[in-house]
$ cat run34.csv   # CSV, C-alpha atoms
chain,number,residue,atom,x,y,z
A,129,MET,CA,7.6,-102.0,-22.0
A,130,THR,CA,5.2,-103.8,-24.2
A,131,ALA,CA,4.0,-107.3,-23.7
A,132,ASN,CA,5.5,-108.3,-27.0
A,133,SER,CA,9.0,-107.3,-25.9
A,134,LEU,CA,8.5,-109.2,-22.6
A,135,LYS,CA,7.4,-112.3,-24.5
A,136,ALA,CA,10.4,-112.0,-26.8
A,137,SER,CA,12.7,-111.8,-23.7
A,138,LEU,CA,11.4,-115.1,-22.4
A,139,ILE,CA,11.7,-116.8,-25.8
A,140,ARG,CA,15.3,-115.5,-26.4
A,141,SER,CA,16.5,-116.0,-22.8
A,142,GLY,CA,19.4,-118.3,-23.8
A,143,LEU,CA,22.5,-117.4,-21.8
A,144,ALA,CA,22.7,-117.3,-18.1
A,145,ALA,CA,23.7,-114.0,-16.4
A,146,SER,CA,25.1,-115.6,-13.2
A,147,ILE,CA,25.7,-118.8,-11.3
A,148,LEU,CA,23.9,-118.9,-7.9
A,149,LEU,CA,25.0,-121.1,-5.0
A,150,LEU,CA,22.9,-124.0,-3.9
A,151,ALA,CA,22.5,-123.7,-0.1
A,152,SER,CA,23.2,-126.8,2.0
A,153,GLY,CA,21.6,-127.6,5.3
A,154,VAL,CA,24.4,-125.8,7.1
A,155,SER,CA,23.9,-122.1,7.9
A,156,ILE,CA,26.3,-119.8,6.0
A,157,ALA,CA,27.1,-116.2,6.4
A,158,GLN,CA,25.1,-114.2,3.9
A,159,SER,CA,25.7,-110.5,3.7
A,160,VAL,CA,25.5,-107.7,1.2
A,161,ASN,CA,27.1,-104.3,1.1
A,162,LEU,CA,24.8,-101.5,-0.2
A,163,THR,CA,25.5,-97.8,-0.7
A,164,ALA,CA,22.7,-95.3,-1.0
A,165,GLY,CA,23.7,-92.3,-3.1
A,166,SER,CA,22.9,-89.8,-5.7
A,167,THR,CA,22.8,-90.8,-9.3
A,168,GLN,CA,20.8,-90.2,-12.5
A,169,ALA,CA,18.6,-92.0,-15.0
A,170,ALA,CA,19.2,-91.6,-18.7
A,171,LEU,CA,15.8,-92.1,-20.5
A,172,PRO,CA,15.2,-93.0,-24.1
A,173,ASP,CA,13.8,-89.5,-25.0
A,174,GLY,CA,17.1,-87.9,-24.1
A,175,GLN,CA,16.1,-86.7,-20.6
A,176,THR,CA,18.4,-87.1,-17.7
A,177,VAL,CA,16.5,-87.3,-14.4
A,178,PRO,CA,18.2,-87.0,-10.9
A,179,MET,CA,17.7,-90.2,-8.9
A,180,TRP,CA,18.8,-91.8,-5.6
A,181,GLY,CA,19.7,-95.4,-5.7
A,182,TYR,CA,21.4,-98.4,-4.2
A,183,SER,CA,24.7,-99.7,-5.5
A,184,CYS,CA,26.2,-103.1,-4.7
A,185,THR,CA,29.7,-102.9,-3.2
A,186,GLY,CA,30.3,-106.5,-2.2
A,187,ALA,CA,28.5,-109.7,-1.1
A,188,THR,CA,29.3,-113.0,0.8
A,189,GLY,CA,27.1,-116.1,0.3
A,190,ALA,CA,24.6,-114.0,-1.7
A,191,THR,CA,24.7,-112.1,-4.9
A,192,CYS,CA,23.9,-108.4,-5.5
A,193,VAL,CA,23.7,-106.9,-9.0
A,194,ALA,CA,22.0,-104.1,-10.9
A,195,SER,CA,18.7,-105.4,-12.3
A,196,ASN,CA,19.5,-103.4,-15.5
A,197,PRO,CA,22.9,-104.9,-16.6
A,198,ASN,CA,23.3,-102.1,-19.2
A,199,ALA,CA,22.9,-99.2,-16.6
A,200,GLY,CA,26.7,-98.6,-16.3
A,201,THR,CA,27.1,-95.6,-13.9
A,202,ASN,CA,23.4,-94.7,-14.3
A,203,TRP,CA,20.7,-95.6,-11.9
A,204,SER,CA,19.2,-99.1,-11.6
A,205,PRO,CA,17.2,-101.0,-9.0
A,206,VAL,CA,19.3,-103.7,-7.3
A,207,LEU,CA,18.7,-107.4,-7.3
A,208,ILE,CA,19.8,-109.4,-4.3
A,209,THR,CA,19.6,-113.2,-4.4
A,210,VAL,CA,20.0,-115.2,-1.2
A,211,PRO,CA,20.3,-119.0,-1.2
A,212,TYR,CA,17.6,-120.7,0.9
A,213,VAL,CA,19.0,-122.4,4.1
A,214,ALA,CA,16.9,-125.1,5.5
A,215,THR,CA,18.0,-124.4,9.1
A,216,GLY,CA,17.0,-120.8,8.8
A,217,THR,CA,17.9,-118.2,6.2
A,218,SER,CA,19.5,-115.0,7.5
A,219,LEU,CA,20.7,-111.9,5.7
A,220,THR,CA,22.9,-109.0,6.8
A,221,ILE,CA,22.9,-105.7,4.8
A,222,ASN,CA,25.6,-103.3,5.6
A,223,LEU,CA,24.0,-100.0,4.4
A,224,THR,CA,26.2,-96.9,3.8
A,225,ASN,CA,24.4,-93.6,3.5
A,226,ASN,CA,26.0,-91.2,0.9
A,227,LEU,CA,22.8,-89.4,-0.1
A,228,GLN,CA,24.2,-85.9,0.6
A,229,PRO,CA,27.6,-85.6,-1.2
A,230,THR,CA,27.9,-81.9,-0.6
A,231,ALA,CA,29.5,-80.8,2.7
A,232,GLY,CA,27.8,-78.1,4.7
A,233,LEU,CA,24.3,-79.0,3.5
A,234,THR,CA,21.5,-80.7,5.6
A,235,ALA,CA,22.3,-84.4,6.3
A,236,ILE,CA,19.8,-86.8,4.9
A,237,PRO,CA,19.1,-90.0,7.0
A,238,THR,CA,17.8,-93.2,5.4
A,239,SER,CA,16.8,-96.7,6.3
A,240,LEU,CA,15.8,-100.0,4.6
A,241,VAL,CA,12.9,-102.3,4.9
A,242,ILE,CA,12.0,-105.7,3.2
A,243,VAL,CA,8.3,-105.7,2.6
A,244,GLY,CA,6.7,-108.6,4.4
A,245,GLN,CA,9.8,-109.4,6.6
A,246,LEU,CA,10.6,-108.4,10.2
A,247,GLY,CA,14.1,-107.3,10.7
A,248,GLY,CA,16.5,-104.4,10.1
A,249,GLY,CA,14.9,-102.6,13.0
A,250,LEU,CA,11.4,-102.8,11.7
A,251,GLY,CA,9.0,-103.3,14.6
A,252,GLY,CA,11.4,-101.6,17.0
A,253,THR,CA,11.4,-98.0,18.1
A,254,PRO,CA,11.1,-95.9,14.9
A,255,THR,CA,12.8,-92.5,14.6
A,256,ARG,CA,10.2,-89.8,15.1
A,257,THR,CA,10.0,-86.0,14.5
A,258,ASP,CA,7.7,-83.4,15.9
A,259,SER,CA,4.5,-82.7,13.9
A,260,PRO,CA,4.1,-79.2,12.5
A,261,THR,CA,1.9,-76.7,14.4
A,262,HIS,CA,-1.4,-76.2,12.7
A,263,LEU,CA,-2.6,-72.7,13.3
A,264,PRO,CA,-6.2,-71.7,12.8
A,265,GLN,CA,-7.1,-70.6,9.2
A,266,GLY,CA,-9.5,-67.8,10.3
A,267,PRO,CA,-12.0,-66.5,7.7
A,268,THR,CA,-10.4,-68.4,4.8
A,269,TRP,CA,-11.6,-71.6,6.5
A,270,PRO,CA,-15.0,-70.8,8.1
A,271,ALA,CA,-15.3,-74.1,9.9
A,272,SER,CA,-12.3,-73.3,12.1
A,273,GLY,CA,-13.7,-69.9,13.1
A,274,ASP,CA,-11.5,-66.9,14.0
A,275,PRO,CA,-8.5,-67.6,16.3
A,276,GLY,CA,-9.3,-66.7,19.9
A,277,PRO,CA,-7.2,-64.4,22.1
A,278,GLY,CA,-3.8,-66.0,23.1
A,279,CYS,CA,-4.0,-68.8,20.5
A,280,ALA,CA,-0.6,-70.4,20.3
A,281,GLY,CA,-1.4,-73.4,18.0
A,282,ASP,CA,-2.6,-75.8,20.7
A,283,SER,CA,-4.5,-73.6,23.2
A,284,GLY,CA,-7.1,-70.9,23.3
A,285,THR,CA,-10.5,-70.6,21.5
A,286,ASN,CA,-10.8,-72.4,18.1
A,287,CYS,CA,-7.2,-73.6,18.2
A,288,PRO,CA,-6.4,-77.0,16.6
A,289,PRO,CA,-5.2,-79.6,19.1
A,290,GLY,CA,-1.6,-80.6,19.1
A,291,GLN,CA,-0.6,-83.7,17.2
A,292,PRO,CA,1.6,-86.5,18.3
A,293,GLN,CA,5.0,-87.0,16.7
A,294,ARG,CA,5.3,-88.4,13.2
A,295,VAL,CA,7.4,-91.4,12.2
A,296,GLN,CA,10.4,-90.4,10.0
A,297,SER,CA,12.2,-93.8,9.7
A,298,PHE,CA,10.2,-97.0,10.2
A,299,ALA,CA,13.4,-99.1,10.5
A,300,THR,CA,16.9,-98.5,11.9
A,301,GLU,CA,18.0,-95.1,10.7
A,302,VAL,CA,21.4,-94.8,9.0
A,303,ALA,CA,22.9,-91.3,9.5
A,304,GLN,CA,24.6,-89.4,6.7
A,305,GLY,CA,28.1,-90.7,6.1
A,306,ALA,CA,27.7,-93.7,8.3
A,307,THR,CA,27.5,-97.5,7.7
A,308,THR,CA,25.1,-99.5,9.7
A,309,GLU,CA,24.6,-103.3,9.9
A,310,LEU,CA,21.0,-104.3,9.3
A,311,CYS,CA,20.0,-107.9,9.9
A,312,TRP,CA,17.1,-110.3,9.2
A,313,GLY,CA,16.8,-113.9,10.4
A,314,PRO,CA,17.8,-116.1,13.4
A,315,ALA,CA,21.5,-115.5,13.0
A,316,CYS,CA,21.1,-111.8,14.0
A,317,THR,CA,22.3,-110.4,17.3
A,318,SER,CA,18.6,-109.8,18.0
A,319,PRO,CA,17.1,-112.8,16.2
A,320,THR,CA,14.1,-112.3,14.0
A,321,PRO,CA,12.0,-114.8,11.9
A,322,ALA,CA,14.0,-116.6,9.2
A,323,LEU,CA,13.6,-115.3,5.6
A,324,LYS,CA,11.1,-117.5,3.7
A,325,PRO,CA,11.6,-118.5,0.1
A,326,GLY,CA,10.0,-116.0,-2.2
A,327,THR,CA,10.3,-112.6,-3.9
A,328,TYR,CA,10.3,-109.4,-1.9
A,329,LEU,CA,10.4,-105.7,-2.5
A,330,ILE,CA,13.0,-103.7,-0.7
A,331,HIS,CA,12.9,-99.9,-0.3
A,332,SER,CA,13.8,-97.0,1.9
A,333,GLY,CA,11.8,-96.8,5.2
A,334,THR,CA,12.6,-93.1,5.7
A,335,HIS,CA,10.2,-90.6,4.2
A,336,PRO,CA,9.1,-93.5,1.9
A,337,SER,CA,6.8,-91.2,-0.2
A,338,ILE,CA,9.9,-89.2,-1.1
A,339,GLN,CA,12.9,-91.5,-1.0
A,340,ALA,CA,11.3,-94.5,-2.7
A,341,PRO,CA,10.1,-92.6,-5.8
A,342,MET,CA,13.6,-91.1,-6.0
A,343,GLY,CA,14.8,-94.7,-6.7
A,344,LEU,CA,15.8,-96.3,-3.4
A,345,TYR,CA,14.3,-99.7,-4.1
A,346,GLY,CA,15.1,-103.2,-5.4
A,347,VAL,CA,14.1,-106.8,-5.2
A,348,LEU,CA,15.2,-109.6,-2.8
A,349,VAL,CA,14.9,-113.2,-4.0
A,350,VAL,CA,15.3,-116.1,-1.5
A,351,THR,CA,15.5,-119.3,-3.3
A,352,THR,CA,17.2,-122.6,-4.1
A,353,ALA,CA,18.4,-121.5,-7.6
A,354,PRO,CA,19.4,-123.6,-10.7
A,355,THR,CA,23.0,-124.7,-10.8
A,356,THR,CA,25.0,-126.8,-13.2
A,357,ALA,CA,24.8,-129.7,-10.6
A,358,THR,CA,21.1,-129.3,-10.0
A,359,PRO,CA,19.2,-128.3,-13.2
A,360,LEU,CA,16.0,-127.5,-11.4
A,361,GLY,CA,15.7,-124.5,-9.1
A,362,THR,CA,13.2,-124.5,-6.3
A,363,ALA,CA,11.0,-121.4,-5.7
A,364,TYR,CA,9.3,-122.9,-2.7
A,365,PRO,CA,10.3,-126.1,-0.8
A,366,THR,CA,8.1,-129.2,-0.2
A,367,VAL,CA,5.6,-128.5,2.6
A,368,GLY,CA,3.8,-131.6,4.0
A,369,THR,CA,2.3,-133.3,1.0
A,370,THR,CA,2.6,-130.2,-1.2
A,371,ALA,CA,5.4,-130.7,-3.8
A,372,ALA,CA,8.1,-128.2,-4.3
A,373,VAL,CA,7.7,-125.6,-7.1
A,374,THR,CA,10.6,-126.1,-9.4
A,375,TYR,CA,11.8,-124.2,-12.5
A,376,ASN,CA,14.6,-124.3,-15.1
A,377,ALA,CA,15.2,-120.5,-15.5
A,378,GLU,CA,14.0,-117.3,-13.9
A,379,VAL,CA,13.6,-113.6,-14.7
A,380,PRO,CA,13.0,-111.1,-11.9
A,381,LEU,CA,11.2,-107.9,-13.1
A,382,VAL,CA,10.9,-104.7,-11.0
A,383,LEU,CA,8.0,-102.5,-12.1
A,384,SER,CA,8.4,-98.8,-11.3
A,385,GLU,CA,7.9,-95.3,-12.5
A,386,ILE,CA,9.5,-91.8,-12.5
A,387,ASP,CA,7.9,-88.4,-12.1
A,388,PRO,CA,10.7,-86.1,-13.4
A,389,VAL,CA,9.2,-83.0,-11.9
A,390,GLN,CA,9.0,-84.5,-8.5
A,391,ASN,CA,12.6,-85.8,-8.7
A,392,ARG,CA,14.0,-82.5,-9.8
A,393,ALA,CA,12.2,-80.7,-7.1
A,394,VAL,CA,13.6,-83.0,-4.4
A,395,ALA,CA,17.2,-82.7,-5.9
A,396,VAL,CA,16.9,-78.9,-5.8
A,397,ALA,CA,15.5,-78.9,-2.2
A,398,VAL,CA,18.3,-81.1,-0.6
A,399,ALA,CA,20.9,-79.0,-2.4
A,400,THR,CA,19.5,-75.7,-0.9
A,401,SER,CA,21.1,-74.1,2.1
A,402,GLY,CA,18.6,-74.1,5.0
A,403,PHE,CA,16.7,-77.2,3.8
A,404,ILE,CA,14.8,-78.9,6.6
A,405,GLU,CA,13.2,-82.3,6.1
A,406,THR,CA,10.3,-81.7,8.4
A,407,LYS,CA,9.4,-78.2,7.1
A,408,VAL,CA,5.9,-78.0,5.7
A,409,TRP,CA,5.3,-77.0,2.1
A,410,SER,CA,2.8,-74.2,1.7
A,411,GLY,CA,3.3,-72.6,-1.7
A,412,GLN,CA,2.2,-69.2,-0.2
A,413,PRO,CA,4.1,-66.0,-1.0
A,414,GLY,CA,7.4,-65.8,0.8
A,415,GLN,CA,7.1,-69.4,2.2
A,416,CYS,CA,8.4,-72.8,1.2
A,417,GLY,CA,7.0,-73.8,-2.2
A,418,ASP,CA,6.6,-70.3,-3.5
A,419,LEU,CA,7.9,-70.6,-7.1
A,420,SER,CA,6.8,-67.1,-8.2
A,421,ALA,CA,9.2,-64.5,-9.7
A,422,THR,CA,9.5,-62.9,-6.2
A,423,ALA,CA,10.2,-66.1,-4.4
A,424,THR,CA,12.6,-65.8,-1.4
A,425,ALA,CA,15.3,-68.1,-0.2
A,426,GLU,CA,12.6,-70.1,1.6
A,427,ALA,CA,11.2,-71.4,-1.7
A,428,ASN,CA,13.2,-74.7,-1.8
A,429,THR,CA,13.9,-75.4,1.8
A,430,CYS,CA,11.4,-78.3,2.2
A,431,TYR,CA,10.4,-81.4,0.3
A,432,PRO,CA,7.8,-80.9,-2.5
A,433,PRO,CA,4.3,-82.3,-1.7
A,434,ALA,CA,4.1,-86.0,-2.5
A,435,VAL,CA,0.4,-85.5,-3.2
A,436,ASN,CA,1.4,-83.9,-6.5
A,437,TYR,CA,3.2,-87.1,-7.6
A,438,ASP,CA,2.4,-87.6,-11.3
A,439,PRO,CA,4.7,-90.2,-13.1
A,440,ARG,CA,5.5,-89.9,-16.8
A,441,TYR,CA,7.9,-92.8,-17.3
A,442,TYR,CA,7.0,-96.5,-16.6
A,443,LEU,CA,9.9,-98.9,-16.2
A,444,ILE,CA,10.8,-102.5,-15.9
A,445,ASN,CA,14.2,-103.2,-14.1
A,446,GLY,CA,14.9,-99.5,-14.4
A,447,VAL,CA,14.5,-99.4,-18.1
A,448,SER,CA,11.9,-97.4,-20.0
A,449,PHE,CA,10.7,-99.1,-23.2
A,450,ASP,CA,12.8,-97.9,-26.1
A,451,ARG,CA,11.0,-98.5,-29.4
A,452,SER,CA,14.2,-97.8,-31.3
A,453,ASP,CA,16.2,-100.5,-29.5
A,454,THR,CA,13.9,-103.3,-28.5
A,455,THR,CA,16.6,-106.0,-28.4
A,456,GLY,CA,19.3,-104.0,-26.7
A,457,ARG,CA,17.6,-101.9,-24.0
A,458,SER,CA,14.3,-103.7,-23.6
A,459,LEU,CA,15.3,-107.3,-23.4
A,460,PHE,CA,16.0,-109.2,-20.2
A,461,ALA,CA,17.6,-112.7,-20.1
A,462,ALA,CA,16.4,-115.4,-17.8
A,463,THR,CA,19.2,-117.0,-15.7
A,464,SER,CA,19.5,-120.8,-15.7
A,465,GLY,CA,22.8,-121.3,-13.8
A,466,THR,CA,25.0,-122.1,-16.8
A,467,ALA,CA,26.7,-119.7,-19.2
A,468,THR,CA,26.6,-121.9,-22.3
A,469,THR,CA,23.4,-123.9,-22.3
A,470,PRO,CA,20.1,-122.2,-23.5
A,471,ALA,CA,17.3,-122.3,-20.9
A,472,THR,CA,14.5,-124.7,-21.7
A,473,GLY,CA,11.5,-125.9,-19.8
A,474,THR,CA,9.7,-123.9,-17.1
A,475,VAL,CA,10.5,-120.2,-16.6
A,476,LEU,CA,9.7,-118.5,-13.3
A,477,VAL,CA,8.8,-114.8,-13.7
A,478,ARG,CA,9.2,-112.8,-10.5
A,479,PHE,CA,7.3,-109.5,-10.3
A,480,VAL,CA,7.6,-106.7,-7.7
A,481,ASN,CA,6.0,-103.3,-8.0
A,482,ALA,CA,8.1,-100.4,-6.6
A,483,GLY,CA,5.8,-97.7,-8.0
A,484,LEU,CA,3.2,-95.8,-6.0
A,485,ARG,CA,0.6,-96.6,-8.7
A,486,MET,CA,-0.9,-100.1,-9.2
A,487,HIS,CA,0.5,-102.0,-12.2
A,488,VAL,CA,-1.0,-105.3,-13.4
A,489,PRO,CA,1.4,-107.3,-15.5
A,490,SER,CA,0.4,-109.6,-18.3
A,491,ILE,CA,2.4,-112.1,-20.3
A,492,VAL,CA,0.8,-112.5,-23.7
A,493,GLY,CA,0.8,-116.0,-25.2
A,494,ALA,CA,2.2,-117.7,-22.2
A,495,GLN,CA,0.6,-120.5,-20.1
A,496,THR,CA,0.9,-119.8,-16.4
$ encode --input "run34.csv" --output "structure tokens"
Amino acid sequence: MTANSLKASLIRSGLAASILLLASGVSIAQSVNLTAGSTQAALPDGQTVPMWGYSCTGATGATCVASNPNAGTNWSPVLITVPYVATGTSLTINLTNNLQPTAGLTAIPTSLVIVGQLGGGLGGTPTRTDSPTHLPQGPTWPASGDPGPGCAGDSGTNCPPGQPQRVQSFATEVAQGATTELCWGPACTSPTPALKPGTYLIHSGTHPSIQAPMGLYGVLVVTTAPTTATPLGTAYPTVGTTAAVTYNAEVPLVLSEIDPVQNRAVAVAVATSGFIETKVWSGQPGQCGDLSATATAEANTCYPPAVNYDPRYYLINGVSFDRSDTTGRSLFAATSGTATTPATGTVLVRFVNAGLRMHVPSIVGAQT
């Protein structure tokens, strides 16, 4: 997306997209139902790329929507907005795992983390898997020397030492086909620190270098938002002598990217009989990753190497800039809490970066 189209979106942000509740001093039940599943992204050049994504299936005391309102049945990052509660903001996410729709294939676990927030199982006991055995390389890697007699991967002359287990899911793991309650804040069964006002990235905490680029991410906003009764929203409350940061309208923007080669390789792998999440990619003849004409059934039974990640599409709110339709696909309205009155005054722009590459946003012609 170009800076001009972003600037135009702020100028033209007339109608509100939703009305957000103003939280009182009394704690309210705030929950969101999310489903992680397979979907696709339709891109402006005509490509359709396989994706994984979250879909909103219900909310209480909070709102949950697709950040791209024009996505329809296609993929879009989610936008969750939670009213700030002075006595302690809590959030429950009921996460359903539908990532593997085909019966008989390897089940795919998942989890969810809110970056910068403790909860949802983060900080507890993560799910771990055994590390692969690293056998000596022999003459192809002179530094390791030749394997000694009786080398079994972790014993014998010139054998690499065994490695500890690796973390598979950093937060509470949700099994394939299951729904698990994940909670953040003082209202949880196992209380955690309250959510603070602000803008947070949410993404999968399971194999994050694979599941996050596949599209399992979104944005969480904790705020006192604009309403018809209270024109000004509050991004951050008054702290001591520091005045609250208020605004008239806001626009949350999720920066991300897609590597179509990586996504297609992952989609093929998980749909292959015998796929194992922890199997090591090698690319050698007859082994996983061998894409030659003589490749065996082992070729697609592991995840592709994330080190080859090379994005070709850059997106805002799940939308790749469309030069042929700058006002339809590449325009995002700011919400002001009323469906009829154009937003005027201060606009709060919320940025999160869900990509694996650094992105530095710039709003041309705006005073910040």
$ residues_around --input "run34.csv" --residues "A:Leu443" --least-positions-apart "6" --cutoff "6 Å" --atoms "only C-alpha atoms" --output "PyMOL selection string"
chain A and resi 383-385
$ closest_residue --input "run34.csv" --among "A:Asn481, A:Thr307, A:Thr238, A:Thr230" --to "A:Val398" --atoms "only C-alpha atoms"
A:Thr230
$ closest_residue --input "run34.csv" --among "A:Ala322, A:Leu227, A:Val408, A:Val477" --to "A:Ala461" --atoms "all atoms listed in the file"
A:Val477
$ atom_distance --input "run34.csv" --atom1 "atom CA of A:Gln339" --atom2 "atom CA of A:Glu301"
13.3 Å
$ residues_around --input "run34.csv" --residues "A:Phe298" --least-positions-apart "2" --cutoff "8 Å" --atoms "only C-alpha atoms" --output "list in words"
Ser239, Val241, Gly249, Leu250, Gly251, Pro254, Thr255, Val295, Gln296, Thr300, Gly333 and Thr334 of chain A
$ write_last_selection --input "run34.csv" --atoms "C-alpha atoms" --output "compact mmCIF listing (two decimals), in the frame of the given file"
# COMPACT_ATOMS: atom_id res chain seq x y z
CA SER A 239 16.80 -96.70 6.30
CA VAL A 241 12.90 -102.30 4.90
CA GLY A 249 14.90 -102.60 13.00
CA LEU A 250 11.40 -102.80 11.70
CA GLY A 251 9.00 -103.30 14.60
CA PRO A 254 11.10 -95.90 14.90
CA THR A 255 12.80 -92.50 14.60
CA VAL A 295 7.40 -91.40 12.20
CA GLN A 296 10.40 -90.40 10.00
CA THR A 300 16.90 -98.50 11.90
CA GLY A 333 11.80 -96.80 5.20
CA THR A 334 12.60 -93.10 5.70
$ atom_distance --input "run34.csv" --atom1 "atom CA of A:Ala425" --atom2 "atom CA of A:Ala231"
19.3 Å
$ closest_residue --input "run34.csv" --among "A:Trp203, A:Trp180, A:Trp409, A:Tyr375" --to "A:Gly473" --atoms "only C-alpha atoms"
A:Tyr375
$ atom_distance --input "run34.csv" --atom1 "atom CA of A:Leu476" --atom2 "atom CA of A:Asn445"
16.0 Å
$ closest_atom_pairs --input "run34.csv" --of "stretch 285-397 of chain A" --to "stretch 161-177 of chain A" --cutoff "10 Å" --atoms "all atoms listed in the file" --output "Markdown table"
| residue | atom | partner | partner_atom | distance |
| --- | --- | --- | --- | --- |
| A:Gln304 | CA | A:Ala164 | CA | 9.9 |
| A:Thr307 | CA | A:Thr163 | CA | 8.6 |
| A:Glu309 | CA | A:Asn161 | CA | 9.2 |
| A:Ser332 | CA | A:Ala164 | CA | 9.5 |
| A:Met342 | CA | A:Ser166 | CA | 9.4 |
| A:Gly343 | CA | A:Thr167 | CA | 9.3 |
| A:Leu344 | CA | A:Ala164 | CA | 7.4 |
| A:Tyr345 | CA | A:Ala164 | CA | 10.0 |
| A:Ile386 | CA | A:Val177 | CA | 8.5 |
| A:Asp387 | CA | A:Val177 | CA | 9.0 |
| A:Pro388 | CA | A:Val177 | CA | 6.0 |
| A:Val389 | CA | A:Val177 | CA | 8.8 |
| A:Gln390 | CA | A:Val177 | CA | 9.9 |
| A:Asn391 | CA | A:Val177 | CA | 7.1 |
| A:Arg392 | CA | A:Val177 | CA | 7.1 |
| A:Ala395 | CA | A:Ser166 | CA | 9.1 |
$ residues_around --input "run34.csv" --residues "A:Asn222" --least-positions-apart "2" --cutoff "12 Å" --atoms "all atoms listed in the file" --output "PyMOL selection string"
chain A and resi 158-164+182-188+219-220+224-225+239-240+248+300+302+306-312
$ residues_near_point --input "run34.csv" --point "(18.7, -110.8, -8.7)" --cutoff "6 Å" --atoms "only C-alpha atoms" --output "NGL selection string"
:A and (207-209)
$ closest_residue --input "run34.csv" --among "A:Thr429, A:Asn376, A:Ser218, A:Gln415" --to "A:Ala462" --atoms "all atoms listed in the file"
A:Asn376
